[in-house]
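Source file: data.cif. Holds: mmCIF, C-alpha atoms.
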```
data_data
loop_
_atom_site.group_PDB
_atom_site.id
_atom_site.type_symbol
_atom_site.label_atom_id
_atom_site.label_comp_id
_atom_site.auth_asym_id
_atom_site.auth_seq_id
_atom_site.Cartn_x
_atom_site.Cartn_y
_atom_site.Cartn_z
ATOM 1 C CA MET A 1 0.000 0.000 0.000
ATOM 2 C CA ILE A 2 2.850 2.403 0.782
ATOM 3 C CA LEU A 3 4.403 1.668 -2.599
ATOM 4 C CA ASN A 4 1.141 2.618 -4.336
ATOM 5 C CA LYS A 5 1.026 5.934 -2.452
ATOM 6 C CA LYS A 6 4.550 6.780 -3.582
ATOM 7 C CA PHE A 7 3.741 6.050 -7.198
ATOM 8 C CA SER A 8 0.410 7.822 -7.069
ATOM 9 C CA LEU A 9 2.053 10.972 -5.722
ATOM 10 C CA ASP A 10 4.582 10.885 -8.562
ATOM 11 C CA TYR A 11 1.790 10.441 -11.098
ATOM 12 C CA PHE A 12 -0.158 13.251 -9.483
ATOM 13 C CA PHE A 13 2.913 15.495 -9.775
ATOM 14 C CA TYR A 14 3.322 14.470 -13.421
ATOM 15 C CA LEU A 15 -0.259 15.571 -14.004
ATOM 16 C CA VAL A 16 0.319 18.871 -12.179
ATOM 17 C CA ILE A 17 3.448 19.545 -14.247
ATOM 18 C CA LEU A 18 1.625 18.623 -17.448
ATOM 19 C CA ILE A 19 -1.346 20.897 -16.776
ATOM 20 C CA PHE A 20 0.717 23.805 -15.455
ATOM 21 C CA SER A 21 3.398 23.800 -18.148
ATOM 22 C CA ILE A 22 0.850 23.621 -20.964
ATOM 23 C CA SER A 23 -1.444 26.216 -19.374
ATOM 24 C CA ILE A 24 1.190 28.837 -18.686
ATOM 25 C CA ASN A 25 2.658 28.611 -22.173
ATOM 26 C CA GLN A 26 -0.784 28.645 -23.800
ATOM 27 C CA TYR A 27 -1.546 31.793 -21.806
ATOM 28 C CA TYR A 28 1.628 33.665 -22.777
ATOM 29 C CA GLY A 29 1.634 32.361 -26.354
ATOM 30 C CA PHE A 30 -1.356 34.563 -27.151
ATOM 31 C CA PHE A 31 0.023 37.745 -25.589
ATOM 32 C CA ALA A 32 1.909 39.388 -28.433
ATOM 33 C CA VAL A 33 3.611 38.725 -31.739
ATOM 34 C CA ASN A 34 7.132 39.429 -32.898
ATOM 35 C CA PRO A 35 6.601 39.126 -36.667
ATOM 36 C CA LEU A 36 10.177 38.337 -37.633
ATOM 37 C CA ASP A 37 10.635 35.538 -35.106
ATOM 38 C CA ASN A 38 7.132 34.196 -34.545
ATOM 39 C CA PHE A 39 6.060 33.680 -38.139
ATOM 40 C CA THR A 40 9.197 31.988 -39.490
ATOM 41 C CA ILE A 41 8.394 28.511 -38.189
ATOM 42 C CA TYR A 42 4.666 29.007 -38.762
ATOM 43 C CA HIS A 43 5.275 29.747 -42.424
ATOM 44 C CA SER A 44 7.755 26.885 -42.898
ATOM 45 C CA GLY A 45 5.416 24.341 -41.303
ATOM 46 C CA ASN A 46 2.599 25.575 -43.524
ATOM 47 C CA LEU A 47 4.781 25.307 -46.638
ATOM 48 C CA ILE A 48 5.572 21.651 -45.904
ATOM 49 C CA LEU A 49 1.878 21.048 -45.209
ATOM 50 C CA ASN A 50 1.091 22.451 -48.661
ATOM 51 C CA GLY A 51 3.481 20.020 -50.337
ATOM 52 C CA GLN A 52 6.614 22.100 -50.714
ATOM 53 C CA LYS A 53 9.979 20.518 -49.985
ATOM 54 C CA PRO A 54 12.595 22.162 -47.775
ATOM 55 C CA PHE A 55 15.831 23.179 -49.540
ATOM 56 C CA GLU A 56 14.214 22.440 -52.901
ATOM 57 C CA ASP A 57 11.135 24.675 -52.972
ATOM 58 C CA TYR A 58 11.941 27.189 -50.236
ATOM 59 C CA TRP A 59 14.895 28.446 -48.259
ATOM 60 C CA VAL A 60 15.205 26.909 -44.793
ATOM 61 C CA THR A 61 16.053 29.867 -42.574
ATOM 62 C CA THR A 62 16.835 28.010 -39.355
ATOM 63 C CA GLY A 63 16.971 24.249 -39.158
ATOM 64 C CA LEU A 64 14.864 21.460 -40.485
ATOM 65 C CA THR A 65 13.776 20.083 -37.086
ATOM 66 C CA LEU A 66 11.314 22.823 -36.203
ATOM 67 C CA ASP A 67 9.812 22.913 -39.674
ATOM 68 C CA ILE A 68 9.029 19.202 -39.606
ATOM 69 C CA ILE A 69 7.701 19.249 -36.043
ATOM 70 C CA GLN A 70 5.484 22.222 -36.874
ATOM 71 C CA TYR A 71 4.264 20.459 -40.002
ATOM 72 C CA LEU A 72 3.202 17.506 -37.815
ATOM 73 C CA PHE A 73 1.356 19.792 -35.403
ATOM 74 C CA PHE A 74 -0.444 21.498 -38.300
ATOM 75 C CA LYS A 75 -1.283 18.136 -39.853
ATOM 76 C CA PHE A 76 -2.824 16.711 -36.672
ATOM 77 C CA PHE A 77 -4.293 19.838 -35.039
ATOM 78 C CA GLY A 78 -5.003 22.087 -38.014
ATOM 79 C CA THR A 79 -3.313 25.248 -39.216
ATOM 80 C CA SER A 80 -4.037 27.762 -36.497
ATOM 81 C CA TRP A 81 -2.271 29.882 -33.943
ATOM 82 C CA SER A 82 -3.569 27.541 -31.223
ATOM 83 C CA SER A 83 -1.795 24.531 -32.701
ATOM 84 C CA TYR A 84 1.284 26.682 -33.234
ATOM 85 C CA VAL A 85 1.398 27.649 -29.555
ATOM 86 C CA LEU A 86 0.578 24.040 -28.612
ATOM 87 C CA HIS A 87 3.869 23.009 -30.240
ATOM 88 C CA ALA A 88 5.785 25.257 -27.822
ATOM 89 C CA SER A 89 3.625 24.107 -24.912
ATOM 90 C CA PHE A 90 4.385 20.476 -25.742
ATOM 91 C CA VAL A 91 8.140 21.129 -25.710
ATOM 92 C CA ASN A 92 7.775 23.106 -22.471
ATOM 93 C CA THR A 93 5.990 20.116 -20.924
ATOM 94 C CA LEU A 94 8.615 17.630 -22.076
ATOM 95 C CA TYR A 95 11.353 19.808 -20.629
ATOM 96 C CA CYS A 96 9.628 20.157 -17.256
ATOM 97 C CA LEU A 97 8.860 16.445 -17.018
ATOM 98 C CA LEU A 98 12.480 15.619 -17.824
ATOM 99 C CA ILE A 99 13.642 18.013 -15.104
ATOM 100 C CA TYR A 100 11.347 16.258 -12.633
ATOM 101 C CA ILE A 101 12.501 12.763 -13.665
ATOM 102 C CA VAL A 102 16.195 13.624 -13.459
ATOM 103 C CA LEU A 103 15.847 15.325 -10.091
ATOM 104 C CA ARG A 104 13.863 12.347 -8.758
ATOM 105 C CA SER A 105 16.570 9.959 -9.971
ATOM 106 C CA PHE A 106 19.011 11.826 -7.736
ATOM 107 C CA LYS A 107 16.686 11.252 -4.781
ATOM 108 C CA LEU A 108 15.692 14.866 -4.303
ATOM 109 C CA GLN A 109 12.475 15.248 -2.324
ATOM 110 C CA LYS A 110 9.357 15.113 -4.474
ATOM 111 C CA PHE A 111 8.131 18.562 -3.508
ATOM 112 C CA TYR A 112 11.460 20.128 -4.441
ATOM 113 C CA CYS A 113 11.379 18.288 -7.755
ATOM 114 C CA LEU A 114 7.889 19.621 -8.374
ATOM 115 C CA PHE A 115 8.952 23.119 -7.343
ATOM 116 C CA TYR A 116 11.941 23.184 -9.719
ATOM 117 C CA SER A 117 9.860 21.703 -12.526
ATOM 118 C CA ILE A 118 7.203 24.376 -12.065
ATOM 119 C CA LEU A 119 9.901 27.062 -12.063
ATOM 120 C CA SER A 120 11.342 25.647 -15.280
ATOM 121 C CA ALA A 121 7.828 25.698 -16.777
ATOM 122 C CA ILE A 122 7.634 29.406 -16.031
ATOM 123 C CA LEU A 123 11.109 30.246 -17.291
ATOM 124 C CA PHE A 124 11.644 28.032 -20.319
ATOM 125 C CA TYR A 125 9.103 28.586 -23.100
ATOM 126 C CA PRO A 126 6.573 31.190 -21.864
ATOM 127 C CA VAL A 127 9.231 33.848 -22.437
ATOM 128 C CA VAL A 128 8.566 33.495 -26.178
ATOM 129 C CA GLY A 129 5.322 31.494 -26.171
ATOM 130 C CA THR A 130 5.701 30.148 -29.710
ATOM 131 C CA PRO A 131 8.194 27.736 -31.291
ATOM 132 C CA PHE A 132 11.577 29.400 -31.422
ATOM 133 C CA VAL A 133 14.817 28.011 -32.832
ATOM 134 C CA ASP A 134 17.003 28.974 -29.882
ATOM 135 C CA HIS A 135 14.646 27.410 -27.371
ATOM 136 C CA HIS A 136 14.354 24.172 -29.308
ATOM 137 C CA SER A 137 18.112 23.933 -29.704
ATOM 138 C CA ILE A 138 18.573 24.593 -25.997
ATOM 139 C CA PHE A 139 15.845 22.061 -25.212
ATOM 140 C CA PHE A 140 17.565 19.307 -27.193
ATOM 141 C CA SER A 141 21.019 20.249 -25.881
ATOM 142 C CA VAL A 142 20.036 20.468 -22.217
ATOM 143 C CA SER A 143 17.969 17.293 -22.597
ATOM 144 C CA SER A 144 21.046 15.478 -23.884
ATOM 145 C CA ILE A 145 22.989 16.660 -20.828
ATOM 146 C CA LEU A 146 20.203 15.539 -18.492
ATOM 147 C CA ILE A 147 19.999 12.163 -20.258
ATOM 148 C CA PHE A 148 23.792 11.928 -19.861
ATOM 149 C CA PHE A 149 23.326 12.343 -16.102
ATOM 150 C CA LEU A 150 20.695 9.605 -16.153
ATOM 151 C CA ALA A 151 23.014 7.336 -18.153
ATOM 152 C CA ILE A 152 25.724 7.732 -15.552
ATOM 153 C CA LYS A 153 23.315 7.305 -12.647
ATOM 154 C CA LYS A 154 21.311 4.280 -13.840
ATOM 155 C CA GLU A 155 22.635 0.747 -14.139
ATOM 156 C CA ASP A 156 20.401 -0.161 -17.076
ATOM 157 C CA ASN A 157 21.648 2.757 -19.153
ATOM 158 C CA GLN A 158 21.979 1.525 -22.740
ATOM 159 C CA ILE A 159 18.891 3.325 -23.993
ATOM 160 C CA TYR A 160 20.124 6.594 -22.481
ATOM 161 C CA TRP A 161 23.424 6.393 -24.375
ATOM 162 C CA PHE A 162 21.422 5.908 -27.578
ATOM 163 C CA PHE A 163 19.351 9.065 -27.073
ATOM 164 C CA ILE A 164 22.251 11.426 -26.346
ATOM 165 C CA PRO A 165 23.544 11.681 -29.955
ATOM 166 C CA VAL A 166 19.974 11.688 -31.310
ATOM 167 C CA LEU A 167 19.088 14.694 -29.154
ATOM 168 C CA MET A 168 22.336 16.460 -30.043
ATOM 169 C CA PHE A 169 21.652 15.875 -33.745
ATOM 170 C CA LEU A 170 18.113 17.278 -33.416
ATOM 171 C CA GLY A 171 19.527 20.256 -31.524
ATOM 172 C CA PHE A 172 22.085 20.836 -34.256
ATOM 173 C CA LEU A 173 19.356 20.703 -36.896
ATOM 174 C CA SER A 174 17.355 23.247 -34.889
ATOM 175 C CA LYS A 175 20.117 25.812 -34.569
ATOM 176 C CA GLN A 176 23.815 25.172 -34.686
ATOM 177 C CA THR A 177 25.122 27.738 -32.224
ATOM 178 C CA PRO A 178 24.087 26.512 -28.760
ATOM 179 C CA SER A 179 24.083 22.822 -29.657
ATOM 180 C CA THR A 180 27.634 22.905 -31.010
ATOM 181 C CA TYR A 181 28.894 24.387 -27.746
ATOM 182 C CA VAL A 182 27.175 21.647 -25.772
ATOM 183 C CA LEU A 183 28.502 19.031 -28.170
ATOM 184 C CA MET A 184 32.048 20.258 -27.527
ATOM 185 C CA LEU A 185 31.523 19.753 -23.800
#
```
I'd like the structure from this file rewritten - as structure tokens, please.
Amino acid sequence: MILNKKFSLDYFFYLVILIFSISINQYYGFFAVNPLDNFTIYHSGNLILNGQKPFEDYWVTTGLTLDIIQYLFFKFFGTSWSSYVLHASFVNTLYCLLIYIVLRSFKLQKFYCLFYSILSAILFYPVVGTPFVDHHSIFFSVSSILIFFLAIKKEDNQIYWFFIPVLMFLGFLSKQTPSTYVLML
């Protein structure tokens, strides 16, 4: 019975992180628009949705990762600003859940893990609110570092070692500048 309470509290915290990180980014994603930055990924995702090919039919201004992810969000949720902001909210949620999981693996108290995850939900993506190349590159780069910590910490770590170069590659295809610095580390 005690084991079930421990797991249920973790699952409850996962749900809290999920709801909070999506909600706060959805709120700030509708605040304002920076036309140069906010519409780049929107336009590229829409071009792929309309059958155009990156590098062949249009110039890829950032990296291919965001364009393809945004295409998938437009394909499944429709072409709208809501699905555009949902893309950023989804990445914000993944980041916060990964923070929680890594902190829990180092035996930090659950409430502290929740607290730091909530703080990361406030600080990570709501600053921009929409998909942004720097944030995605930082997400993939920091995620690879966090997965590296998990790979060192866990005994059954083969899957973690597989994901580190995959995340670094996705980060590099988002934007080269921050991910290359992390790769050198």
Check your understanding: For this file, the PyMOL selection byres ((chain A and resi 13) around 10) selects which residues, as JSON, numbers by chain?
Key -> {"A": [7, 8, 9, 10, 11, 12, 14, 15, 16, 17, 18, 19, 97, 100, 110, 111, 113, 114, 117]}
**Study point:** the PyMOL selection byres ((chain A and resi 149) around 12) applied to the shown file, residues as number ranges by chain
**Key:** A: 98-99, 101-106, 142-148, 150-155, 157, 160-161, 164
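Checking A:Thr180, A:Ser120, A:Thr79, A:Ser141 one by one against Gly45 in chain A, counting all atoms listed in the file, you find the shortest gap at A:Thr79.
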Practice item. Name the residues that the PyMOL selection byres ((chain A and resi 58-67) around 10) picks from the file above, as a PyMOL selection string, using the file's chain letters and numbers. Key: chain A and resi 40-49+52-57+68-73+87+131-134+136-137+169-176
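Here CA of Asn50 in chain A stands at a distance of 10.1 Å from CA of Lys75 in chain A.
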